[in-house]
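Asks: One file: structure_30.pdb (PDB, C-alpha atoms, pLDDT in the B column).
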```
MODEL        1
ATOM      1  CA  MET W 153      44.018 152.012  21.414  1.00 42.00           C
ATOM      2  CA  LYS W 154      46.680 151.575  24.108  1.00 43.00           C
ATOM      3  CA  THR W 155      49.326 150.966  21.438  1.00 42.00           C
ATOM      4  CA  GLN W 156      48.277 154.144  19.619  1.00 42.00           C
ATOM      5  CA  LEU W 157      48.501 156.149  22.840  1.00 37.00           C
ATOM      6  CA  ILE W 158      51.995 154.838  23.546  1.00 40.00           C
ATOM      7  CA  PHE W 159      53.022 155.557  19.949  1.00 41.00           C
ATOM      8  CA  LEU W 160      51.638 159.109  20.124  1.00 37.00           C
ATOM      9  CA  SER W 161      53.439 159.678  23.450  1.00 42.00           C
ATOM     10  CA  PHE W 162      56.666 158.473  21.865  1.00 41.00           C
ATOM     11  CA  ILE W 163      56.266 160.763  18.834  1.00 40.00           C
ATOM     12  CA  PHE W 164      55.455 163.722  21.102  1.00 39.00           C
ATOM     13  CA  SER W 165      58.554 163.092  23.217  1.00 41.00           C
ATOM     14  CA  ILE W 166      60.768 162.890  20.106  1.00 41.00           C
ATOM     15  CA  LEU W 167      59.323 166.126  18.715  1.00 38.00           C
ATOM     16  CA  THR W 168      59.715 167.825  22.076  1.00 38.00           C
ATOM     17  CA  LEU W 169      63.349 166.751  22.394  1.00 39.00           C
ATOM     18  CA  THR W 170      64.304 167.855  18.908  1.00 39.00           C
ATOM     19  CA  SER W 171      62.475 171.171  19.119  1.00 38.00           C
ATOM     20  CA  PHE W 172      64.260 172.189  22.329  1.00 43.00           C
ATOM     21  CA  SER W 173      67.811 171.212  21.401  1.00 63.00           C
ATOM     22  CA  GLN W 174      69.813 174.403  21.059  1.00 73.00           C
ATOM     23  CA  SER W 175      72.346 175.333  18.427  1.00 88.00           C
ATOM     24  CA  LYS W 176      75.831 176.451  19.431  1.00 88.00           C
ATOM     25  CA  LYS W 177      74.910 179.981  18.353  1.00 91.00           C
ATOM     26  CA  GLU W 178      71.813 180.015  20.604  1.00 93.00           C
ATOM     27  CA  VAL W 179      73.737 178.528  23.536  1.00 93.00           C
ATOM     28  CA  LYS W 180      76.338 181.313  23.262  1.00 91.00           C
ATOM     29  CA  LYS W 181      73.784 184.094  22.720  1.00 91.00           C
ATOM     30  CA  LEU W 182      71.606 183.022  25.658  1.00 93.00           C
ATOM     31  CA  GLY W 183      74.554 182.224  27.939  1.00 93.00           C
ATOM     32  CA  ILE W 184      73.373 178.657  28.548  1.00 95.00           C
ATOM     33  CA  LYS W 185      75.762 176.858  30.908  1.00 96.00           C
ATOM     34  CA  SER W 186      74.206 173.400  30.832  1.00 96.00           C
ATOM     35  CA  SER W 187      71.284 171.377  29.553  1.00 95.00           C
ATOM     36  CA  VAL W 188      69.622 168.152  30.596  1.00 96.00           C
ATOM     37  CA  THR W 189      67.446 165.949  28.407  1.00 96.00           C
ATOM     38  CA  VAL W 190      64.796 163.971  30.279  1.00 96.00           C
ATOM     39  CA  VAL W 191      62.724 161.215  28.666  1.00 95.00           C
ATOM     40  CA  THR W 192      59.341 160.037  29.894  1.00 94.00           C
ATOM     41  CA  GLU W 193      58.273 156.677  28.505  1.00 92.00           C
ATOM     42  CA  SER W 194      55.166 154.620  28.987  1.00 91.00           C
ATOM     43  CA  ILE W 195      56.251 151.112  29.923  1.00 86.00           C
ATOM     44  CA  GLU W 196      53.531 148.547  30.576  1.00 90.00           C
ATOM     45  CA  GLY W 197      51.052 151.352  31.204  1.00 90.00           C
ATOM     46  CA  LYS W 198      53.261 153.190  33.703  1.00 91.00           C
ATOM     47  CA  GLU W 199      55.156 156.371  33.010  1.00 93.00           C
ATOM     48  CA  LYS W 200      58.851 156.247  33.776  1.00 92.00           C
ATOM     49  CA  THR W 201      61.052 159.319  33.669  1.00 94.00           C
ATOM     50  CA  ARG W 202      64.811 159.194  33.311  1.00 95.00           C
ATOM     51  CA  THR W 203      67.706 161.447  32.419  1.00 95.00           C
ATOM     52  CA  ASP W 204      68.883 160.676  28.900  1.00 96.00           C
ATOM     53  CA  MET W 205      71.727 163.163  28.466  1.00 96.00           C
ATOM     54  CA  SER W 206      73.406 166.144  30.103  1.00 96.00           C
ATOM     55  CA  GLN W 207      75.731 168.725  28.581  1.00 97.00           C
ATOM     56  CA  LYS W 208      77.861 171.576  29.914  1.00 97.00           C
ATOM     57  CA  PHE W 209      78.928 174.497  27.724  1.00 97.00           C
ATOM     58  CA  ASP W 210      81.697 177.087  27.749  1.00 96.00           C
ATOM     59  CA  LYS W 211      81.090 180.811  27.100  1.00 95.00           C
ATOM     60  CA  ASN W 212      81.435 180.222  23.330  1.00 95.00           C
ATOM     61  CA  GLY W 213      78.688 177.590  23.222  1.00 95.00           C
ATOM     62  CA  ASN W 214      81.098 174.656  22.878  1.00 96.00           C
ATOM     63  CA  VAL W 215      80.185 171.395  24.603  1.00 97.00           C
ATOM     64  CA  ILE W 216      82.791 170.905  27.333  1.00 97.00           C
ATOM     65  CA  GLU W 217      81.136 167.864  28.914  1.00 97.00           C
ATOM     66  CA  LEU W 218      78.696 165.335  27.523  1.00 97.00           C
ATOM     67  CA  ILE W 219      77.150 162.471  29.477  1.00 97.00           C
ATOM     68  CA  GLU W 220      74.702 159.988  27.934  1.00 96.00           C
ATOM     69  CA  TYR W 221      72.846 157.597  30.218  1.00 96.00           C
ATOM     70  CA  ASN W 222      71.483 154.080  29.824  1.00 94.00           C
ATOM     71  CA  LYS W 223      67.826 153.419  30.623  1.00 91.00           C
ATOM     72  CA  ASP W 224      68.824 152.176  34.086  1.00 92.00           C
ATOM     73  CA  GLY W 225      70.522 155.508  34.879  1.00 91.00           C
ATOM     74  CA  SER W 226      74.092 154.260  34.562  1.00 93.00           C
ATOM     75  CA  ILE W 227      76.569 156.168  32.412  1.00 94.00           C
ATOM     76  CA  LYS W 228      76.586 155.014  28.801  1.00 95.00           C
ATOM     77  CA  LYS W 229      79.099 157.570  27.500  1.00 95.00           C
ATOM     78  CA  LYS W 230      81.045 160.423  29.081  1.00 97.00           C
ATOM     79  CA  GLU W 231      83.343 162.839  27.291  1.00 97.00           C
ATOM     80  CA  ALA W 232      84.966 166.181  28.101  1.00 98.00           C
ATOM     81  CA  GLN W 233      86.506 168.598  25.611  1.00 98.00           C
ATOM     82  CA  THR W 234      88.873 171.579  25.770  1.00 98.00           C
ATOM     83  CA  TYR W 235      88.991 174.177  22.981  1.00 97.00           C
ATOM     84  CA  ASN W 236      91.505 176.721  21.680  1.00 96.00           C
ATOM     85  CA  LYS W 237      90.763 180.381  20.856  1.00 94.00           C
ATOM     86  CA  ASN W 238      89.479 179.294  17.407  1.00 94.00           C
ATOM     87  CA  ASN W 239      86.937 176.946  19.060  1.00 95.00           C
ATOM     88  CA  ASP W 240      88.784 173.867  17.771  1.00 96.00           C
ATOM     89  CA  ILE W 241      88.947 170.844  20.075  1.00 97.00           C
ATOM     90  CA  THR W 242      92.482 170.564  21.492  1.00 98.00           C
ATOM     91  CA  GLU W 243      91.841 167.859  24.071  1.00 98.00           C
ATOM     92  CA  GLU W 244      89.176 165.194  24.396  1.00 98.00           C
ATOM     93  CA  LEU W 245      88.839 162.979  27.442  1.00 98.00           C
ATOM     94  CA  ILE W 246      86.877 159.743  27.120  1.00 97.00           C
ATOM     95  CA  PHE W 247      85.676 158.004  30.258  1.00 97.00           C
ATOM     96  CA  ASP W 248      84.387 154.500  30.957  1.00 94.00           C
ATOM     97  CA  GLU W 249      80.958 153.636  32.415  1.00 90.00           C
ATOM     98  CA  LYS W 250      82.257 154.187  35.970  1.00 90.00           C
ATOM     99  CA  GLY W 251      83.576 157.671  35.185  1.00 89.00           C
ATOM    100  CA  ASN W 252      87.255 156.675  35.087  1.00 94.00           C
ATOM    101  CA  LEU W 253      89.463 158.164  32.384  1.00 96.00           C
ATOM    102  CA  LYS W 254      89.869 155.658  29.552  1.00 97.00           C
ATOM    103  CA  LYS W 255      91.780 157.665  26.962  1.00 97.00           C
ATOM    104  CA  LYS W 256      92.888 161.171  26.061  1.00 98.00           C
ATOM    105  CA  ILE W 257      93.044 162.593  22.542  1.00 98.00           C
ATOM    106  CA  THR W 258      95.173 165.701  21.982  1.00 98.00           C
ATOM    107  CA  THR W 259      94.887 167.630  18.710  1.00 98.00           C
ATOM    108  CA  GLU W 260      97.355 170.129  17.230  1.00 97.00           C
ATOM    109  CA  TYR W 261      96.656 172.664  14.482  1.00 97.00           C
ATOM    110  CA  ASN W 262      98.828 174.647  12.068  1.00 94.00           C
ATOM    111  CA  SER W 263      98.690 178.401  11.384  1.00 91.00           C
ATOM    112  CA  ASN W 264      95.941 177.788   8.797  1.00 91.00           C
ATOM    113  CA  LYS W 265      93.815 176.207  11.567  1.00 93.00           C
ATOM    114  CA  ASP W 266      94.169 172.771   9.930  1.00 95.00           C
ATOM    115  CA  LYS W 267      94.471 169.690  12.125  1.00 97.00           C
ATOM    116  CA  THR W 268      98.071 168.454  11.904  1.00 97.00           C
ATOM    117  CA  PHE W 269      98.434 165.822  14.638  1.00 98.00           C
ATOM    118  CA  GLU W 270      96.059 163.788  16.755  1.00 98.00           C
ATOM    119  CA  THR W 271      97.637 161.874  19.642  1.00 98.00           C
ATOM    120  CA  THR W 272      95.766 159.200  21.598  1.00 97.00           C
ATOM    121  CA  SER W 273      97.015 158.153  25.037  1.00 97.00           C
ATOM    122  CA  ASP W 274      95.651 155.829  27.700  1.00 96.00           C
ATOM    123  CA  ALA W 275      94.633 156.933  31.213  1.00 95.00           C
ATOM    124  CA  ASN W 276      98.266 156.773  32.393  1.00 95.00           C
ATOM    125  CA  GLY W 277      99.548 158.960  29.557  1.00 95.00           C
ATOM    126  CA  LYS W 278     101.045 156.066  27.565  1.00 96.00           C
ATOM    127  CA  LEU W 279     100.958 156.792  23.836  1.00 97.00           C
ATOM    128  CA  LEU W 280      98.569 154.465  21.971  1.00 97.00           C
ATOM    129  CA  GLU W 281      98.672 156.006  18.502  1.00 97.00           C
ATOM    130  CA  LYS W 282      99.419 159.216  16.643  1.00 98.00           C
ATOM    131  CA  THR W 283      97.839 160.424  13.421  1.00 98.00           C
ATOM    132  CA  GLN W 284      99.475 162.985  11.142  1.00 98.00           C
ATOM    133  CA  HIS W 285      97.319 164.986   8.717  1.00 98.00           C
ATOM    134  CA  GLY W 286      98.734 166.541   5.550  1.00 97.00           C
ATOM    135  CA  TYR W 287      97.269 169.081   3.122  1.00 96.00           C
ATOM    136  CA  ASN W 288      97.743 170.043  -0.510  1.00 94.00           C
ATOM    137  CA  ALA W 289      98.454 173.576  -1.789  1.00 91.00           C
ATOM    138  CA  LYS W 290      94.708 174.344  -1.872  1.00 92.00           C
ATOM    139  CA  GLY W 291      94.325 173.436   1.797  1.00 92.00           C
ATOM    140  CA  ASP W 292      92.504 170.154   1.154  1.00 94.00           C
ATOM    141  CA  ARG W 293      93.435 167.177   3.332  1.00 96.00           C
ATOM    142  CA  SER W 294      95.687 164.998   1.173  1.00 97.00           C
ATOM    143  CA  TYR W 295      96.678 162.254   3.631  1.00 98.00           C
ATOM    144  CA  GLU W 296      96.368 160.804   7.121  1.00 98.00           C
ATOM    145  CA  ILE W 297      99.021 158.496   8.530  1.00 98.00           C
ATOM    146  CA  THR W 298      98.319 156.647  11.785  1.00 97.00           C
ATOM    147  CA  MET W 299     101.273 155.202  13.710  1.00 97.00           C
ATOM    148  CA  ASP W 300     101.414 153.016  16.803  1.00 96.00           C
ATOM    149  CA  GLU W 301     103.284 153.864  20.012  1.00 95.00           C
ATOM    150  CA  LYS W 302     106.596 152.783  18.413  1.00 95.00           C
ATOM    151  CA  GLY W 303     106.157 154.938  15.307  1.00 94.00           C
ATOM    152  CA  LYS W 304     105.234 152.026  13.040  1.00 96.00           C
ATOM    153  CA  MET W 305     102.576 152.880  10.454  1.00 97.00           C
ATOM    154  CA  ILE W 306      99.242 151.182  11.175  1.00 96.00           C
ATOM    155  CA  LYS W 307      97.115 152.837   8.530  1.00 97.00           C
ATOM    156  CA  LYS W 308      97.395 155.393   5.741  1.00 98.00           C
ATOM    157  CA  SER W 309      94.627 157.257   3.906  1.00 98.00           C
ATOM    158  CA  ILE W 310      95.190 159.204   0.695  1.00 98.00           C
ATOM    159  CA  TYR W 311      92.602 161.681  -0.616  1.00 98.00           C
ATOM    160  CA  ALA W 312      92.007 162.692  -4.250  1.00 97.00           C
ATOM    161  CA  TYR W 313      90.088 165.739  -5.505  1.00 96.00           C
ATOM    162  CA  ASP W 314      88.625 166.880  -8.816  1.00 94.00           C
ATOM    163  CA  LYS W 315      89.324 170.201 -10.599  1.00 92.00           C
ATOM    164  CA  ASN W 316      86.597 171.876  -8.471  1.00 91.00           C
ATOM    165  CA  GLY W 317      88.277 170.826  -5.242  1.00 92.00           C
ATOM    166  CA  LEU W 318      85.629 168.214  -4.411  1.00 95.00           C
ATOM    167  CA  LYS W 319      86.811 165.000  -2.793  1.00 97.00           C
ATOM    168  CA  THR W 320      86.613 162.119  -5.270  1.00 97.00           C
ATOM    169  CA  GLU W 321      88.367 159.295  -3.417  1.00 98.00           C
ATOM    170  CA  LYS W 322      89.699 158.148  -0.059  1.00 98.00           C
ATOM    171  CA  LYS W 323      91.984 155.128  -0.281  1.00 98.00           C
ATOM    172  CA  THR W 324      92.987 153.491   3.001  1.00 98.00           C
ATOM    173  CA  THR W 325      95.764 150.922   3.362  1.00 97.00           C
ATOM    174  CA  ASP W 326      97.205 149.066   6.340  1.00 96.00           C
ATOM    175  CA  GLY W 327     100.816 149.345   7.494  1.00 93.00           C
ATOM    176  CA  ASN W 328     101.936 146.885   4.807  1.00 94.00           C
ATOM    177  CA  GLY W 329     100.269 148.781   1.964  1.00 94.00           C
ATOM    178  CA  THR W 330      97.368 146.341   1.627  1.00 96.00           C
ATOM    179  CA  VAL W 331      94.169 148.145   0.646  1.00 97.00           C
ATOM    180  CA  ILE W 332      91.587 148.167   3.448  1.00 96.00           C
ATOM    181  CA  SER W 333      88.995 150.293   1.675  1.00 98.00           C
ATOM    182  CA  ILE W 334      88.408 152.686  -1.174  1.00 98.00           C
ATOM    183  CA  LYS W 335      85.610 155.241  -0.947  1.00 97.00           C
ATOM    184  CA  LYS W 336      84.600 157.016  -4.137  1.00 97.00           C
ATOM    185  CA  TYR W 337      82.578 160.225  -4.165  1.00 97.00           C
ATOM    186  CA  THR W 338      80.516 161.373  -7.156  1.00 95.00           C
ATOM    187  CA  TYR W 339      78.547 164.563  -7.648  1.00 95.00           C
ATOM    188  CA  GLU W 340      75.650 165.490  -9.866  1.00 92.00           C
ATOM    189  CA  TYR W 341      75.471 169.067 -11.091  1.00 89.00           C
TER     190      TYR W 341
ENDMDL
END
```
Turn this file's structure into structure tokens for me.

Replies:
Amino acid sequence: MKTQLIFLSFIFSILTLTSFSQSKKEVKKLGIKSSVTVVTESIEGKEKTRTDMSQKFDKNGNVIELIEYNKDGSIKKKEAQTYNKNNDITEELIFDEKGNLKKKITTEYNSNKDKTFETTSDANGKLLEKTQHGYNAKGDRSYEITMDEKGKMIKKSIYAYDKNGLKTEKKTTDGNGTVISIKKYTYEY
């Protein structure tokens, strides 16, 4: 009976959490500035409440700060994002468990609003890697090339599409051209 009660409490908390999570559209419409997710668990017959996650939003409903917590209350994950006028992420800051900046990812877009470059730097601004994204005439991503801080290619992905413009393959190689993986996509009509 006790196990069933704990199980039912768990299911109720999951349903409650998922039913109250807001979409970006709702966040913008309602002018929500932040949200906090709190979990109450029954552990050895005692209820324990803890903060699971907190988010802050901009006026467009974009998440500008996300913090996930471990069960002991310490920070599990912390990220902050900045957006452009098209609501595309232009900067992402990733922090360690103590709240110190670990790395910064800066993203650039072309006039078609396609991601063209993604640059990753450490906390001191030292370049770690840079990824270039290329597109075919239809606007489909055709390649991604990731280079290290010296400009040496680390990884390359090539995309293939069918006559309907659906992705059929992603082939990834290392800097020497050795195949790391091949993903194939099939569709049933």

Asks: Rounded to one decimal place, report the atom CA of Thr271 of chain W-atom CA of Ile246 of chain W distance in Å.

Replies: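 We find that atom CA of Thr271 of chain W and atom CA of Ile246 of chain W lie 13.3 Å from each other.
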
Asks: Would you mind reading off the distance between atom CA of Tyr295 of chain W and atom CA of Tyr311 of chain W, one decimal, in Å?

Replies: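 Between these atoms lies a distance of 5.9 Å.
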
Asks: Written as a list in words, which residues does the PyMOL selection byres ((chain W and resi 322) around 6) give for the file shown?

Replies: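 Residues picked by the PyMOL selection byres ((chain W and resi 322) around 6): Ile310, Tyr311, Glu321, Lys323, Ile334 and Lys335 of chain W.
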
Asks: Just to be explicit: take each residue in the selection above, keep C-alpha atoms, and write the result as a PDB file, keeping the file's coordinate frame.

Replies:
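Done, and the output landed in out-v8.pdb:
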```pdb
ATOM      1  CA  ILE W 310      95.190 159.204   0.695  1.00 98.00           C
ATOM      2  CA  TYR W 311      92.602 161.681  -0.616  1.00 98.00           C
ATOM      3  CA  GLU W 321      88.367 159.295  -3.417  1.00 98.00           C
ATOM      4  CA  LYS W 323      91.984 155.128  -0.281  1.00 98.00           C
ATOM      5  CA  ILE W 334      88.408 152.686  -1.174  1.00 98.00           C
ATOM      6  CA  LYS W 335      85.610 155.241  -0.947  1.00 97.00           C
TER       7      LYS W 335
END
```

Asks: Of the residues W:Asp266, W:Glu220, W:Asp292, W:Asp274, which is the one nearest to Glu244 of chain W, using only C-alpha atoms?

Replies: W:Asp274

Asks: Would you mind telling me which residue in W:Lys237, W:Lys229, W:Lys185, W:Lys265 lies nearest to Gly251 of chain W when using all atoms listed in the file?

Replies: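 Residue with the minimum atom-to-atom distance to Gly251 of chain W: W:Lys229.
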
Asks: Quote the spacing between atom CA of Ser273 of chain W and atom CA of Gly303 of chain W in Å to one decimal place.

Replies: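 Straight-line distance from atom CA of Ser273 of chain W to atom CA of Gly303 of chain W works out to 13.7 Å.
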
Asks: Is it possible to get the residues within 9 Å of (99.7, 159.6, 12.7) (coordinates as in the file, counting all atoms listed in the file) written as a tab-separated table (two decimals) with C-alpha atoms, in the frame of the given file?

Replies:
```tsv
chain	number	residue	atom	x	y	z
W	269	PHE	CA	98.43	165.82	14.64
W	270	GLU	CA	96.06	163.79	16.76
W	271	THR	CA	97.64	161.87	19.64
W	281	GLU	CA	98.67	156.01	18.50
W	282	LYS	CA	99.42	159.22	16.64
W	283	THR	CA	97.84	160.42	13.42
W	284	GLN	CA	99.48	162.99	11.14
W	285	HIS	CA	97.32	164.99	8.72
W	296	GLU	CA	96.37	160.80	7.12
W	297	ILE	CA	99.02	158.50	8.53
W	298	THR	CA	98.32	156.65	11.78
W	299	MET	CA	101.27	155.20	13.71
W	300	ASP	CA	101.41	153.02	16.80
W	303	GLY	CA	106.16	154.94	15.31
W	305	MET	CA	102.58	152.88	10.45
W	306	ILE	CA	99.24	151.18	11.18
W	307	LYS	CA	97.12	152.84	8.53
W	308	LYS	CA	97.40	155.39	5.74
```

Asks: Using the chain letters and numbering of this document, enumerate as a VMD selection string the residues selected by the PyMOL selection byres ((chain W and resi 260) around 8).

Replies: chain W and resid 242 258 to 259 261 to 262 267 to 270

Asks: For this file, the PyMOL selection byres ((chain W and resi 198-213) around 12) selects which residues, as a ChimeraX atom specification?

Replies: /W:154,158,161-162,165,169,173-197,214-240
